[in-house]
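Chemist: Below is the file model-v4.pdb, with PDB, C-alpha atoms.
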ATOM      1  CA  MET B   1     -24.513  21.964 -17.321
ATOM      2  CA  ARG B   2     -22.668  20.275 -14.490
ATOM      3  CA  PHE B   3     -22.590  16.696 -13.205
ATOM      4  CA  GLU B   4     -20.765  15.113 -10.259
ATOM      5  CA  VAL B   5     -19.120  11.819 -11.138
ATOM      6  CA  ILE B   6     -18.654   9.493  -8.166
ATOM      7  CA  PRO B   7     -15.531   7.454  -8.979
ATOM      8  CA  ALA B   8     -14.152   4.204  -7.651
ATOM      9  CA  SER B   9     -10.718   3.064  -8.798
ATOM     10  CA  ASP B  10     -11.865   1.426 -12.040
ATOM     11  CA  TYR B  11     -15.567   2.183 -12.403
ATOM     12  CA  ILE B  12     -18.192   4.890 -11.830
ATOM     13  CA  TRP B  13     -20.666   4.418  -8.987
ATOM     14  CA  ASN B  14     -23.368   6.579 -10.613
ATOM     15  CA  ARG B  15     -22.737   5.430 -14.192
ATOM     16  CA  LEU B  16     -26.418   5.143 -15.172
ATOM     17  CA  GLU B  17     -27.165   8.661 -13.936
ATOM     18  CA  LEU B  18     -24.119   9.932 -15.850
ATOM     19  CA  ILE B  19     -25.305   8.297 -19.068
ATOM     20  CA  ASP B  20     -28.716   9.901 -18.626
ATOM     21  CA  PHE B  21     -27.021  13.293 -18.129
ATOM     22  CA  LEU B  22     -24.905  12.850 -21.270
ATOM     23  CA  VAL B  23     -27.934  11.858 -23.359
ATOM     24  CA  GLN B  24     -29.915  14.891 -22.243
ATOM     25  CA  ASN B  25     -27.083  17.372 -22.786
ATOM     26  CA  GLN B  26     -25.663  16.398 -26.171
ATOM     27  CA  GLY B  27     -24.423  19.392 -28.131
ATOM     28  CA  GLN B  28     -24.066  21.484 -24.957
ATOM     29  CA  ASN B  29     -21.152  22.757 -22.872
ATOM     30  CA  ILE B  30     -20.823  20.364 -19.943
ATOM     31  CA  VAL B  31     -18.705  20.250 -16.799
ATOM     32  CA  LEU B  32     -17.936  16.990 -15.011
ATOM     33  CA  THR B  33     -16.371  16.915 -11.569
ATOM     34  CA  THR B  34     -14.889  13.844  -9.897
ATOM     35  CA  LYS B  35     -15.796  15.044  -6.380
ATOM     36  CA  SER B  36     -12.407  16.783  -6.134
ATOM     37  CA  GLU B  37     -10.741  13.376  -6.043
ATOM     38  CA  GLY B  38      -7.845  12.184  -8.153
ATOM     39  CA  CYS B  39      -9.032   9.126 -10.061
ATOM     40  CA  CYS B  40      -7.764   8.253 -13.540
ATOM     41  CA  CYS B  41     -10.610   9.158 -15.905
ATOM     42  CA  ARG B  42      -9.422   6.599 -18.437
ATOM     43  CA  ALA B  43      -9.379   3.810 -15.823
ATOM     44  CA  ILE B  44     -12.949   4.505 -14.664
ATOM     45  CA  GLY B  45     -14.197   4.474 -18.275
ATOM     46  CA  LEU B  46     -15.182   8.143 -18.428
ATOM     47  CA  TYR B  47     -13.459   8.896 -21.736
ATOM     48  CA  ASP B  48     -14.992   5.830 -23.385
ATOM     49  CA  LEU B  49     -18.428   7.106 -22.409
ATOM     50  CA  LEU B  50     -17.795  10.675 -23.555
ATOM     51  CA  ASP B  51     -16.534   9.468 -26.925
ATOM     52  CA  GLN B  52     -19.994   8.051 -27.669
ATOM     53  CA  PHE B  53     -21.505  11.550 -27.653
ATOM     54  CA  SER B  54     -20.894  14.991 -29.133
ATOM     55  CA  PHE B  55     -20.646  18.174 -27.053
ATOM     56  CA  LYS B  56     -19.671  21.790 -27.670
ATOM     57  CA  SER B  57     -17.100  21.439 -24.912
ATOM     58  CA  VAL B  58     -16.277  19.146 -22.034
ATOM     59  CA  THR B  59     -14.492  20.318 -18.892
ATOM     60  CA  ILE B  60     -13.410  17.749 -16.327
ATOM     61  CA  ILE B  61     -12.497  18.955 -12.842
ATOM     62  CA  SER B  62     -10.111  16.570 -11.080
ATOM     63  CA  SER B  63      -7.397  16.574  -8.439
ATOM     64  CA  ASN B  64      -5.314  14.047 -10.377
ATOM     65  CA  GLN B  65      -2.024  15.751 -11.205
ATOM     66  CA  LEU B  66      -1.444  13.355 -14.100
ATOM     67  CA  GLU B  67      -4.784  13.783 -15.853
ATOM     68  CA  ARG B  68      -4.347  14.773 -19.526
ATOM     69  CA  HIS B  69      -6.547  14.619 -22.626
ATOM     70  CA  LYS B  70      -6.137  15.990 -26.153
ATOM     71  CA  GLN B  71      -9.830  16.719 -26.688
ATOM     72  CA  TYR B  72     -11.376  17.421 -23.297
ATOM     73  CA  HIS B  73     -10.329  20.310 -21.090
ATOM     74  CA  ILE B  74      -8.848  19.184 -17.773
ATOM     75  CA  ASN B  75      -9.048  21.524 -14.777
ATOM     76  CA  ILE B  76      -6.755  20.380 -11.949
ATOM     77  CA  HIS B  77      -8.330  21.467  -8.665
ATOM     78  CA  ALA B  78      -6.591  21.665  -5.262
ATOM     79  CA  PRO B  79      -4.263  18.683  -5.803
ATOM     80  CA  TRP B  80      -2.124  19.424  -2.749
ATOM     81  CA  ARG B  81      -4.786  20.270  -0.199
ATOM     82  CA  PHE B  82      -4.065  17.296   2.063
ATOM     83  CA  PHE B  83      -0.394  18.282   2.226
ATOM     84  CA  SER B  84      -1.433  21.504   3.971
ATOM     85  CA  VAL B  85      -0.546  21.047   7.638
ATOM     86  CA  SER B  86       0.061  23.727  10.210
ATOM     87  CA  ASN B  87       0.303  22.070  13.631
ATOM     88  CA  LYS B  88       3.446  20.580  15.130
ATOM     89  CA  ILE B  89       3.151  17.109  16.631
ATOM     90  CA  ASP B  90       4.229  16.537  20.227
ATOM     91  CA  SER B  91       7.249  14.241  20.410
ATOM     92  CA  ILE B  92       5.339  11.807  22.656
ATOM     93  CA  TYR B  93       3.587  10.625  19.478
ATOM     94  CA  HIS B  94       6.915  10.129  17.671
ATOM     95  CA  THR B  95       7.747   6.934  19.546
ATOM     96  CA  TRP B  96       7.229   3.189  19.286
ATOM     97  CA  ASN B  97       6.388   1.212  22.423
ATOM     98  CA  LYS B  98       6.881  -2.142  20.609
ATOM     99  CA  ASN B  99       3.284  -3.127  21.223
ATOM    100  CA  LYS B 100       2.461  -3.905  17.587
ATOM    101  CA  VAL B 101       4.216  -3.806  14.219
ATOM    102  CA  PHE B 102       1.495  -3.028  11.665
ATOM    103  CA  ALA B 103      -1.539  -0.752  11.742
ATOM    104  CA  THR B 104      -4.411   0.095   9.427
ATOM    105  CA  VAL B 105      -6.963   2.899   9.672
ATOM    106  CA  TYR B 106      -9.531   2.174   6.964
ATOM    107  CA  GLY B 107     -12.982   3.535   6.294
ATOM    108  CA  ARG B 108     -14.568   2.691   2.950
ATOM    109  CA  PRO B 109     -14.263  -1.100   2.303
ATOM    110  CA  LEU B 110     -12.422  -1.024  -1.025
ATOM    111  CA  TRP B 111     -11.184  -4.365  -2.388
ATOM    112  CA  HIS B 112      -7.543  -3.867  -1.455
ATOM    113  CA  ARG B 113      -8.403  -2.634   2.035
ATOM    114  CA  ILE B 114     -10.600  -5.572   2.969
ATOM    115  CA  GLY B 115      -7.951  -7.859   1.481
ATOM    116  CA  ILE B 116      -5.191  -6.346   3.620
ATOM    117  CA  VAL B 117      -7.436  -6.440   6.694
ATOM    118  CA  ALA B 118      -8.157 -10.128   6.082
ATOM    119  CA  HIS B 119      -4.454 -10.907   5.586
ATOM    120  CA  LEU B 120      -3.339  -9.140   8.764
ATOM    121  CA  THR B 121      -6.183 -10.583  10.811
ATOM    122  CA  LYS B 122      -5.612 -14.155   9.667
ATOM    123  CA  TYR B 123      -1.813 -14.313   9.572
ATOM    124  CA  HIS B 124      -0.452 -11.509  11.772
ATOM    125  CA  CYS B 125      -3.174 -10.750  14.281
ATOM    126  CA  ASP B 126      -0.841 -10.683  17.294
ATOM    127  CA  ILE B 127       1.363  -7.926  15.844
ATOM    128  CA  SER B 128      -1.301  -5.853  14.076
ATOM    129  CA  LEU B 129      -3.661  -3.064  15.046
ATOM    130  CA  VAL B 130      -6.430  -3.455  12.498
ATOM    131  CA  GLY B 131      -8.971  -0.701  12.067
ATOM    132  CA  CYS B 132     -11.737  -1.065   9.486
ATOM    133  CA  LEU B 133     -14.929   0.829  10.212
ATOM    134  CA  ALA B 134     -17.160  -0.623   7.498
ATOM    135  CA  ASP B 135     -20.019  -2.647   8.963
ATOM    136  CA  PRO B 136     -21.284  -5.643   6.929
ATOM    137  CA  GLY B 137     -24.222  -5.813   9.328
ATOM    138  CA  SER B 138     -25.562  -2.618   7.748
ATOM    139  CA  VAL B 139     -27.516  -3.009   4.526
ATOM    140  CA  ASP B 140     -26.214   0.334   3.240
ATOM    141  CA  ASN B 141     -22.624  -0.495   4.207
ATOM    142  CA  ARG B 142     -22.776  -3.871   2.474
ATOM    143  CA  LYS B 143     -23.339  -2.120  -0.838
ATOM    144  CA  LEU B 144     -19.904  -0.522  -0.488
ATOM    145  CA  PHE B 145     -17.903  -3.730   0.021
ATOM    146  CA  GLU B 146     -15.895  -4.404  -3.145
ATOM    147  CA  VAL B 147     -16.068  -8.173  -2.701
ATOM    148  CA  SER B 148     -16.424  -8.994  -6.400
ATOM    149  CA  GLN B 149     -13.343  -6.880  -7.183
ATOM    150  CA  LEU B 150     -11.369  -8.729  -4.505
ATOM    151  CA  PHE B 151     -12.363 -12.043  -6.100
ATOM    152  CA  HIS B 152     -11.321 -10.686  -9.497
ATOM    153  CA  TYR B 153      -7.897  -9.575  -8.291
ATOM    154  CA  ASP B 154      -7.040 -12.311  -5.785
ATOM    155  CA  PRO B 155      -9.453 -15.215  -5.047
ATOM    156  CA  HIS B 156      -7.254 -16.428  -2.167
ATOM    157  CA  SER B 157      -7.759 -13.102  -0.394
ATOM    158  CA  LEU B 158     -11.516 -13.484  -0.809
ATOM    159  CA  GLN B 159     -11.277 -16.815   0.992
ATOM    160  CA  ASN B 160      -9.403 -15.105   3.839
ATOM    161  CA  PHE B 161     -12.006 -12.338   3.944
ATOM    162  CA  ALA B 162     -14.796 -14.922   4.116
ATOM    163  CA  GLU B 163     -13.199 -16.228   7.328
ATOM    164  CA  ILE B 164     -12.986 -12.865   9.100
ATOM    165  CA  TRP B 165     -15.799 -10.656   7.794
ATOM    166  CA  LYS B 166     -18.015 -11.334  10.809
ATOM    167  CA  GLN B 167     -15.386  -9.597  12.986
ATOM    168  CA  LEU B 168     -16.102  -6.298  11.212
ATOM    169  CA  PRO B 169     -16.356  -3.469  12.013
ATOM    170  CA  MET B 170     -12.992  -3.360  13.768
ATOM    171  CA  ALA B 171     -12.668  -0.197  15.835
ATOM    172  CA  LEU B 172      -9.378   0.966  17.333
ATOM    173  CA  HIS B 173      -9.584   2.094  20.954
ATOM    174  CA  ASP B 174      -6.793   4.652  20.542
ATOM    175  CA  VAL B 175      -8.497   6.417  17.646
ATOM    176  CA  ALA B 176     -10.955   9.191  18.354
ATOM    177  CA  GLU B 177     -14.166   9.060  16.341
ATOM    178  CA  TYR B 178     -12.944   9.225  12.746
ATOM    179  CA  THR B 179     -14.870  12.004  11.035
ATOM    180  CA  PRO B 180     -14.450  12.365   7.266
ATOM    181  CA  GLY B 181     -14.592  15.755   5.579
ATOM    182  CA  GLN B 182     -11.820  17.546   7.444
ATOM    183  CA  GLN B 183     -10.506  20.491   5.454
ATOM    184  CA  LEU B 184      -6.879  19.835   6.352
ATOM    185  CA  SER B 185      -4.898  16.753   7.298
ATOM    186  CA  ASP B 186      -4.431  18.271  10.768
ATOM    187  CA  GLY B 187      -8.004  17.281  11.594
ATOM    188  CA  TYR B 188      -7.438  13.644  10.662
ATOM    189  CA  ILE B 189      -4.098  13.486  12.468
ATOM    190  CA  ALA B 190      -5.654  14.785  15.680
ATOM    191  CA  GLN B 191      -8.151  11.921  15.593
ATOM    192  CA  THR B 192      -5.570   9.180  15.056
ATOM    193  CA  LYS B 193      -2.333  10.330  16.737
ATOM    194  CA  ASN B 194      -2.924   8.276  19.912
ATOM    195  CA  LEU B 195      -2.643   5.114  17.821
ATOM    196  CA  TYR B 196       0.850   5.695  16.482
ATOM    197  CA  PRO B 197       3.031   5.036  19.542
ATOM    198  CA  HIS B 198       1.600   1.487  19.525
ATOM    199  CA  CYS B 199       2.583   0.631  15.947
ATOM    200  CA  LEU B 200       5.642   0.816  13.741
ATOM    201  CA  ILE B 201       4.499   0.491  10.100
ATOM    202  CA  ASP B 202       1.377   2.074   8.668
ATOM    203  CA  ILE B 203      -0.150   0.009   5.839
ATOM    204  CA  VAL B 204      -1.588   2.894   3.845
ATOM    205  CA  ALA B 205      -4.315   2.073   1.314
ATOM    206  CA  GLU B 206      -5.196   5.051  -0.846
ATOM    207  CA  THR B 207      -8.480   5.181  -2.736
ATOM    208  CA  PHE B 208      -7.264   4.784  -6.315
ATOM    209  CA  THR B 209      -5.104   1.908  -7.514
ATOM    210  CA  ASP B 210      -5.682   1.846 -11.282
ATOM    211  CA  GLY B 211      -4.527   3.944 -14.214
ATOM    212  CA  ASP B 212      -2.349   7.024 -14.438
ATOM    213  CA  CYS B 213      -3.066   9.027 -11.322
ATOM    214  CA  PHE B 214      -1.409  10.617  -8.336
ATOM    215  CA  PHE B 215      -3.587  12.009  -5.585
ATOM    216  CA  ALA B 216      -2.273  11.834  -2.034
ATOM    217  CA  THR B 217      -4.759  12.185   0.803
ATOM    218  CA  GLU B 218      -4.420  12.436   4.564
ATOM    219  CA  LYS B 219      -3.734   8.689   4.575
ATOM    220  CA  THR B 220      -0.278   9.352   3.112
ATOM    221  CA  VAL B 221       0.392  12.514   5.101
ATOM    222  CA  ARG B 222      -0.592  11.053   8.484
ATOM    223  CA  PRO B 223       2.347   8.627   8.986
ATOM    224  CA  MET B 224       4.764  11.303   7.755
ATOM    225  CA  MET B 225       3.546  13.775  10.362
ATOM    226  CA  LEU B 226       3.592  11.091  13.053
ATOM    227  CA  LYS B 227       7.095   9.972  11.977
ATOM    228  CA  LYS B 228       6.318   6.393  11.084
ATOM    229  CA  PRO B 229       7.326   4.421   7.982
ATOM    230  CA  PHE B 230       4.649   3.207   5.616
ATOM    231  CA  ILE B 231       3.903   0.671   2.917
ATOM    232  CA  LEU B 232       1.601   2.183   0.332
ATOM    233  CA  MET B 233      -1.104   0.513  -1.714
ATOM    234  CA  GLY B 234      -1.940   3.057  -4.386
ATOM    235  CA  SER B 235      -1.440   3.708  -8.070
ATOM    236  CA  LYS B 236       1.641   2.760 -10.053
ATOM    237  CA  ASN B 237       4.763   4.904  -9.383
ATOM    238  CA  TYR B 238       3.103   6.546  -6.380
ATOM    239  CA  LEU B 239       6.327   6.463  -4.340
ATOM    240  CA  ASP B 240       8.292   7.855  -7.272
ATOM    241  CA  TYR B 241       5.971  10.867  -7.384
ATOM    242  CA  LEU B 242       6.498  11.390  -3.664
ATOM    243  CA  HIS B 243      10.242  11.319  -4.395
ATOM    244  CA  GLN B 244       9.765  14.014  -7.047
ATOM    245  CA  MET B 245       8.099  16.151  -4.397
ATOM    246  CA  GLY B 246      11.158  15.749  -2.194
ATOM    247  CA  PHE B 247       9.857  13.112   0.218
ATOM    248  CA  ARG B 248      11.816   9.996   1.115
ATOM    249  CA  THR B 249      10.508   6.475   1.433
ATOM    250  CA  PHE B 250      12.012   3.256   2.760
ATOM    251  CA  ASN B 251      13.867   1.432   0.001
ATOM    252  CA  ASP B 252      16.972   1.432   2.224
ATOM    253  CA  PHE B 253      15.113  -0.761   4.712
ATOM    254  CA  TRP B 254      12.855  -3.020   2.640
ATOM    255  CA  ASN B 255      12.018  -3.811  -0.967
ATOM    256  CA  GLU B 256       9.875  -1.109  -2.597
ATOM    257  CA  ASP B 257       9.812  -2.714  -6.045
ATOM    258  CA  TYR B 258       6.040  -2.983  -5.631
ATOM    259  CA  ASP B 259       5.833   0.666  -6.682
ATOM    260  CA  GLY B 260       6.433  -0.308 -10.307
ATOM    261  CA  TYR B 261       3.164  -2.241 -10.365
ATOM    262  CA  GLU B 262      -0.540  -1.532 -10.079
ATOM    263  CA  GLY B 263      -3.655  -3.500  -9.240
ATOM    264  CA  LYS B 264      -3.255  -7.174  -8.380
ATOM    265  CA  GLU B 265       0.520  -7.264  -8.890
ATOM    266  CA  ARG B 266       1.100  -4.365  -6.504
ATOM    267  CA  TYR B 267      -1.327  -5.803  -3.960
ATOM    268  CA  VAL B 268       0.262  -9.276  -3.956
ATOM    269  CA  LYS B 269       3.777  -7.843  -3.651
ATOM    270  CA  ILE B 270       2.670  -5.758  -0.666
ATOM    271  CA  LEU B 271       1.228  -8.834   1.074
ATOM    272  CA  GLU B 272       4.526 -10.612   0.466
ATOM    273  CA  LEU B 273       6.432  -7.647   1.925
ATOM    274  CA  ILE B 274       4.204  -7.668   5.017
ATOM    275  CA  ASP B 275       4.991 -11.360   5.497
ATOM    276  CA  VAL B 276       8.745 -10.702   5.231
ATOM    277  CA  LEU B 277       8.669  -7.869   7.777
ATOM    278  CA  ALA B 278       6.498  -9.925  10.127
ATOM    279  CA  GLN B 279       9.351 -12.415  10.455
ATOM    280  CA  LYS B 280      11.764  -9.822  11.876
ATOM    281  CA  SER B 281      12.428  -9.794  15.595
ATOM    282  CA  THR B 282      11.533  -6.840  17.779
ATOM    283  CA  ASP B 283      15.230  -6.021  18.133
ATOM    284  CA  GLU B 284      15.709  -6.017  14.353
ATOM    285  CA  LEU B 285      12.684  -3.764  13.883
ATOM    286  CA  GLU B 286      13.800  -1.390  16.613
ATOM    287  CA  HIS B 287      17.279  -1.123  15.078
ATOM    288  CA  MET B 288      15.707  -0.413  11.690
ATOM    289  CA  TYR B 289      13.412   2.192  13.246
ATOM    290  CA  TRP B 290      16.311   4.131  14.725
ATOM    291  CA  ASP B 291      18.284   3.920  11.490
ATOM    292  CA  MET B 292      15.427   5.537   9.580
ATOM    293  CA  GLN B 293      15.033   8.544  11.888
ATOM    294  CA  TYR B 294      16.770  10.810   9.381
ATOM    295  CA  THR B 295      14.189   9.872   6.736
ATOM    296  CA  LEU B 296      11.277  10.316   9.154
ATOM    297  CA  ASP B 297      12.563  13.703  10.317
ATOM    298  CA  HIS B 298      13.100  14.816   6.741
ATOM    299  CA  ASN B 299       9.493  14.085   5.701
ATOM    300  CA  TYR B 300       8.066  15.667   8.829
ATOM    301  CA  ASN B 301      10.067  18.876   8.362
ATOM    302  CA  LEU B 302       9.224  19.067   4.668
ATOM    303  CA  LEU B 303       5.525  19.006   5.512
ATOM    304  CA  LEU B 304       5.763  21.363   8.448
ATOM    305  CA  THR B 305       7.722  23.968   6.459
ATOM    306  CA  GLN B 306       5.582  23.384   3.342
ATOM    307  CA  THR B 307       8.743  23.348   1.211
ATOM    308  CA  TYR B 308       7.931  20.262  -0.849
ATOM    309  CA  ASN B 309       8.072  20.481  -4.642
ATOM    310  CA  LYS B 310       4.660  21.023  -6.253
ATOM    311  CA  ILE B 311       5.702  20.220  -9.812
ATOM    312  CA  ILE B 312       5.845  16.585 -10.838
ATOM    313  CA  THR B 313       6.580  14.958 -14.189
ATOM    314  CA  GLU B 314       4.576  11.974 -15.360
ATOM    315  CA  ILE B 315       6.544   8.735 -15.541
ATOM    316  CA  LEU B 316       5.755   7.088 -18.883
TER     317      LEU B 316
END
Take the structure in the file and write it out as structure tokens.

Modeler:
Amino acid sequence: MRFEVIPASDYIWNRLELIDFLVQNQGQNIVLTTKSEGCCCRAIGLYDLLDQFSFKSVTIISSNQLERHKQYHINIHAPWRFFSVSNKIDSIYHTWNKNKVFATVYGRPLWHRIGIVAHLTKYHCDISLVGCLADPGSVDNRKLFEVSQLFHYDPHSLQNFAEIWKQLPMALHDVAEYTPGQQLSDGYIAQTKNLYPHCLIDIVAETFTDGDCFFATEKTVRPMMLKKPFILMGSKNYLDYLHQMGFRTFNDFWNEDYDGYEGKERYVKILELIDVLAQKSTDELEHMYWDMQYTLDHNYNLLLTQTYNKIITEIL
């Protein structure tokens, strides 16, 4: 029997349906899939649930390269699919016109995304291109806003969000209609490449921020292919795993100590880093941008040639 778990970063959206499935299939061979996404099954509470029941066997299909369990069988599925790119990017998109400094391209309104959107909108609106497609005017969309999680992690950010939520959705004019479900990152890049000459730093917010996981999506690949630096809100040691793959990040240009943290601590450190970079002059940022060309070229070529390392070792 098979069941599709719909994961958030630290909980299961369809938890009640999952419990019903587990009750009905005790003593059987079951297969659970996390929608081919790379959450941490411990962080979402899946193992705690499974331990309350008895099955002949349990197979969990995940894209999380770090997923391990002594009792349950873990099947790692297509963990590198978003790193598959095949199209070169025209050099006209590998520029910065000094229009803005920061940019976001967010869909699902996860707690850390709406927090970053609120921070940029309130404190750095003039130098930020903020894209957040979630619409609080839609009853169905409102169910997706992780407002309670934002309050749990950082009440001050909730206050900021309360001041700007009526401005949502925020659409970016230089982004073609953003259509989820592309098979390769090329499809996402084609929809967003017009944005990148206008911004310098992509504030990437991956889906999962809790537990032991590493699953990079098009959100991480996109700034690499468009040769822009990024700050990355994700799981702990995310940048270190990119380093293991052969990619370079930006510790020569700003403080990346945030990578040693997860959840609230990582989020707060990223907001502090944004504030520091926002104080730099355009000349300082341009000088930094040209100094990091070697790093940007390196990541782009590694993706284009598909010569990145596909074996990573968990950092304990």

Chemist: Show which residues sit within 10 Å of Phe21 (chain B), as number ranges by chain. Count all atoms listed in the file, and ignore same-chain residues fewer than 4 positions away.

Modeler: B: 1-3, 15-17, 25-26, 30

Chemist: Applied to this file, what does the PyMOL selection byres ((chain B and resi 123-125) around 12) return in terms of residues, put as JSON, numbers by chain?

Modeler: {"B": [100, 101, 102, 103, 104, 116, 117, 118, 119, 120, 121, 122, 126, 127, 128, 129, 130, 131, 157, 160, 161, 163, 164, 271, 272, 274, 275, 276, 277, 278, 279]}

Chemist: Restricted to C-alpha atoms, what would the selected residues look like written as a tab-separated table (two decimals), in the coordinates of the input?

Modeler:
chain	number	residue	atom	x	y	z
B	100	LYS	CA	2.46	-3.90	17.59
B	101	VAL	CA	4.22	-3.81	14.22
B	102	PHE	CA	1.50	-3.03	11.66
B	103	ALA	CA	-1.54	-0.75	11.74
B	104	THR	CA	-4.41	0.10	9.43
B	116	ILE	CA	-5.19	-6.35	3.62
B	117	VAL	CA	-7.44	-6.44	6.69
B	118	ALA	CA	-8.16	-10.13	6.08
B	119	HIS	CA	-4.45	-10.91	5.59
B	120	LEU	CA	-3.34	-9.14	8.76
B	121	THR	CA	-6.18	-10.58	10.81
B	122	LYS	CA	-5.61	-14.16	9.67
B	126	ASP	CA	-0.84	-10.68	17.29
B	127	ILE	CA	1.36	-7.93	15.84
B	128	SER	CA	-1.30	-5.85	14.08
B	129	LEU	CA	-3.66	-3.06	15.05
B	130	VAL	CA	-6.43	-3.46	12.50
B	131	GLY	CA	-8.97	-0.70	12.07
B	157	SER	CA	-7.76	-13.10	-0.39
B	160	ASN	CA	-9.40	-15.10	3.84
B	161	PHE	CA	-12.01	-12.34	3.94
B	163	GLU	CA	-13.20	-16.23	7.33
B	164	ILE	CA	-12.99	-12.86	9.10
B	271	LEU	CA	1.23	-8.83	1.07
B	272	GLU	CA	4.53	-10.61	0.47
B	274	ILE	CA	4.20	-7.67	5.02
B	275	ASP	CA	4.99	-11.36	5.50
B	276	VAL	CA	8.74	-10.70	5.23
B	277	LEU	CA	8.67	-7.87	7.78
B	278	ALA	CA	6.50	-9.93	10.13
B	279	GLN	CA	9.35	-12.42	10.46

Chemist: For this structure, which residues satisfy the selection - the PyMOL selection byres ((chain B and resi 62) around 12) - when it is evaluated on the file as given? I want them as a PyMOL selection string.

Modeler: chain B and resi 4-7+31-41+59-61+63-68+73-80+213-215

Chemist: Could you list the residues chosen by the PyMOL selection byres ((chain B and resi 142-156) around 10) in this structure as a PyMOL selection string?

Modeler: chain B and resi 8+10+13+108-115+119+134-141+157-162+263-265+267-268

Chemist: What is the distance between CA of Ser185 (chain B) and CA of Tyr11 (chain B), in Å to one decimal?

Modeler: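 These atoms are spaced 26.7 Å apart.
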
Chemist: So that I can see what lies close to region 300-302 of chain B, please list as a ChimeraX atom specification the residues with an atom at most 8 Å from it, counting all atoms listed in the file and leaving out residues fewer than 5 positions away in the same chain.

Modeler: /B:224-227,246-247,307-308

Chemist: Please determine, counting only C-alpha atoms, which residue among B:Ile89, B:Ile312, B:Ile203, B:Leu195 has the shortest atom-to-atom distance to Leu172 (chain B).

Modeler: B:Leu195

Chemist: Give me the residues near Asp174 (chain B) as an MDAnalysis selection string, where near means some atom within 10 Å (using all atoms listed in the file) and where sequence neighbours in that chain fewer than 4 positions away do not count.

Modeler: chainID B and resid 129 191:198

Chemist: The selected residues should be written to file as a PDB file, in the coordinates of the input (atoms: C-alpha atoms).

Modeler:
ATOM      1  CA  LEU B 129      -3.661  -3.064  15.046  1.00  0.00           C
ATOM      2  CA  GLN B 191      -8.151  11.921  15.593  1.00  0.00           C
ATOM      3  CA  THR B 192      -5.570   9.180  15.056  1.00  0.00           C
ATOM      4  CA  LYS B 193      -2.333  10.330  16.737  1.00  0.00           C
ATOM      5  CA  ASN B 194      -2.924   8.276  19.912  1.00  0.00           C
ATOM      6  CA  LEU B 195      -2.643   5.114  17.821  1.00  0.00           C
ATOM      7  CA  TYR B 196       0.850   5.695  16.482  1.00  0.00           C
ATOM      8  CA  PRO B 197       3.031   5.036  19.542  1.00  0.00           C
ATOM      9  CA  HIS B 198       1.600   1.487  19.525  1.00  0.00           C
TER      10      HIS B 198
END

Chemist: Do you have the CA of Lys269 (chain B)-CA of Tyr241 (chain B) distance handy?

Modeler: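 Separating CA of Lys269 (chain B) from CA of Tyr241 (chain B) is a distance of 19.2 Å.
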
Chemist: Figure out the distance between CA of Thr295 (chain B) and CA of Leu232 (chain B), please, to one decimal in Å.

Modeler: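 Taking CA of Leu232 (chain B) and CA of Thr295 (chain B), their separation equals 16.1 Å.
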
Chemist: Using only C-alpha atoms, can you tell me which of B:Leu285, B:Ala205, B:Leu304, B:Leu239 comes closest to Asn87 (chain B)?

Modeler: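 Going through B:Leu285, B:Ala205, B:Leu304, B:Leu239 one by one, the smallest distance to Asn87 (chain B) is for B:Leu304.
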
Chemist: Counting all atoms listed in the file, which of B:Leu46, B:Leu133, B:Tyr178, B:Glu218 gets nearest to Trp165 (chain B)?

Modeler: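 The closest residue to Trp165 (chain B) is B:Leu133.
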
Chemist: Would you compute, for all listed atoms of region 46-55 of chain B, the axis-aligned bounding box grown by 4 Å on each side, and then report its centre and edge lengths in Å rounded to one decimal, as JSON?

Modeler:
{"center_x": -17.5, "center_y": 12.0, "center_z": -23.8, "size_x": 16.0, "size_y": 20.3, "size_z": 18.7}

Chemist: Which residues, written as a PyMOL selection string, have at least one atom at most 12 Å from Met288 (chain B), with all atoms listed in the file counted and residues fewer than 5 positions away on the same chain left out?

Modeler: chain B and resi 96+200-201+228-229+250-254+277+280-283+293-296

Chemist: Go through B:Tyr188, B:Tyr289, B:Phe230, B:Tyr258 and flag the residue nearest Phe82 (chain B), using only C-alpha atoms for the distances.

Modeler: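 Nearest to Phe82 (chain B): B:Tyr188.
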
Chemist: Limit the output to N, CA and C atoms and give region 304-310 of chain B as an mmCIF file, in the first residue's frame.

Modeler:
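Saved to out.cif:
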data_model
loop_
_atom_site.group_PDB
_atom_site.id
_atom_site.type_symbol
_atom_site.label_atom_id
_atom_site.label_comp_id
_atom_site.auth_asym_id
_atom_site.auth_seq_id
_atom_site.Cartn_x
_atom_site.Cartn_y
_atom_site.Cartn_z
ATOM 1 N N LEU B 304 26.770 23.926 -16.129
ATOM 2 C CA LEU B 304 26.619 23.744 -17.571
ATOM 3 C C LEU B 304 27.312 22.469 -18.051
ATOM 4 N N THR B 305 28.451 22.144 -17.445
ATOM 5 C CA THR B 305 29.190 20.934 -17.842
ATOM 6 C C THR B 305 28.731 19.706 -17.072
ATOM 7 N N GLN B 306 27.864 19.926 -16.052
ATOM 8 C CA GLN B 306 27.355 18.830 -15.227
ATOM 9 C C GLN B 306 28.491 18.014 -14.590
ATOM 10 N N THR B 307 29.524 18.718 -14.141
ATOM 11 C CA THR B 307 30.691 18.042 -13.558
ATOM 12 C C THR B 307 30.750 18.210 -12.043
ATOM 13 N N TYR B 308 29.661 18.583 -11.421
ATOM 14 C CA TYR B 308 29.630 18.694 -9.969
ATOM 15 C C TYR B 308 29.684 17.304 -9.323
ATOM 16 N N ASN B 309 30.138 17.260 -8.089
ATOM 17 C CA ASN B 309 30.239 16.012 -7.345
ATOM 18 C C ASN B 309 28.865 15.595 -6.826
ATOM 19 N N LYS B 310 28.481 14.346 -7.037
ATOM 20 C CA LYS B 310 27.168 13.869 -6.633
ATOM 21 C C LYS B 310 27.214 13.034 -5.352
#
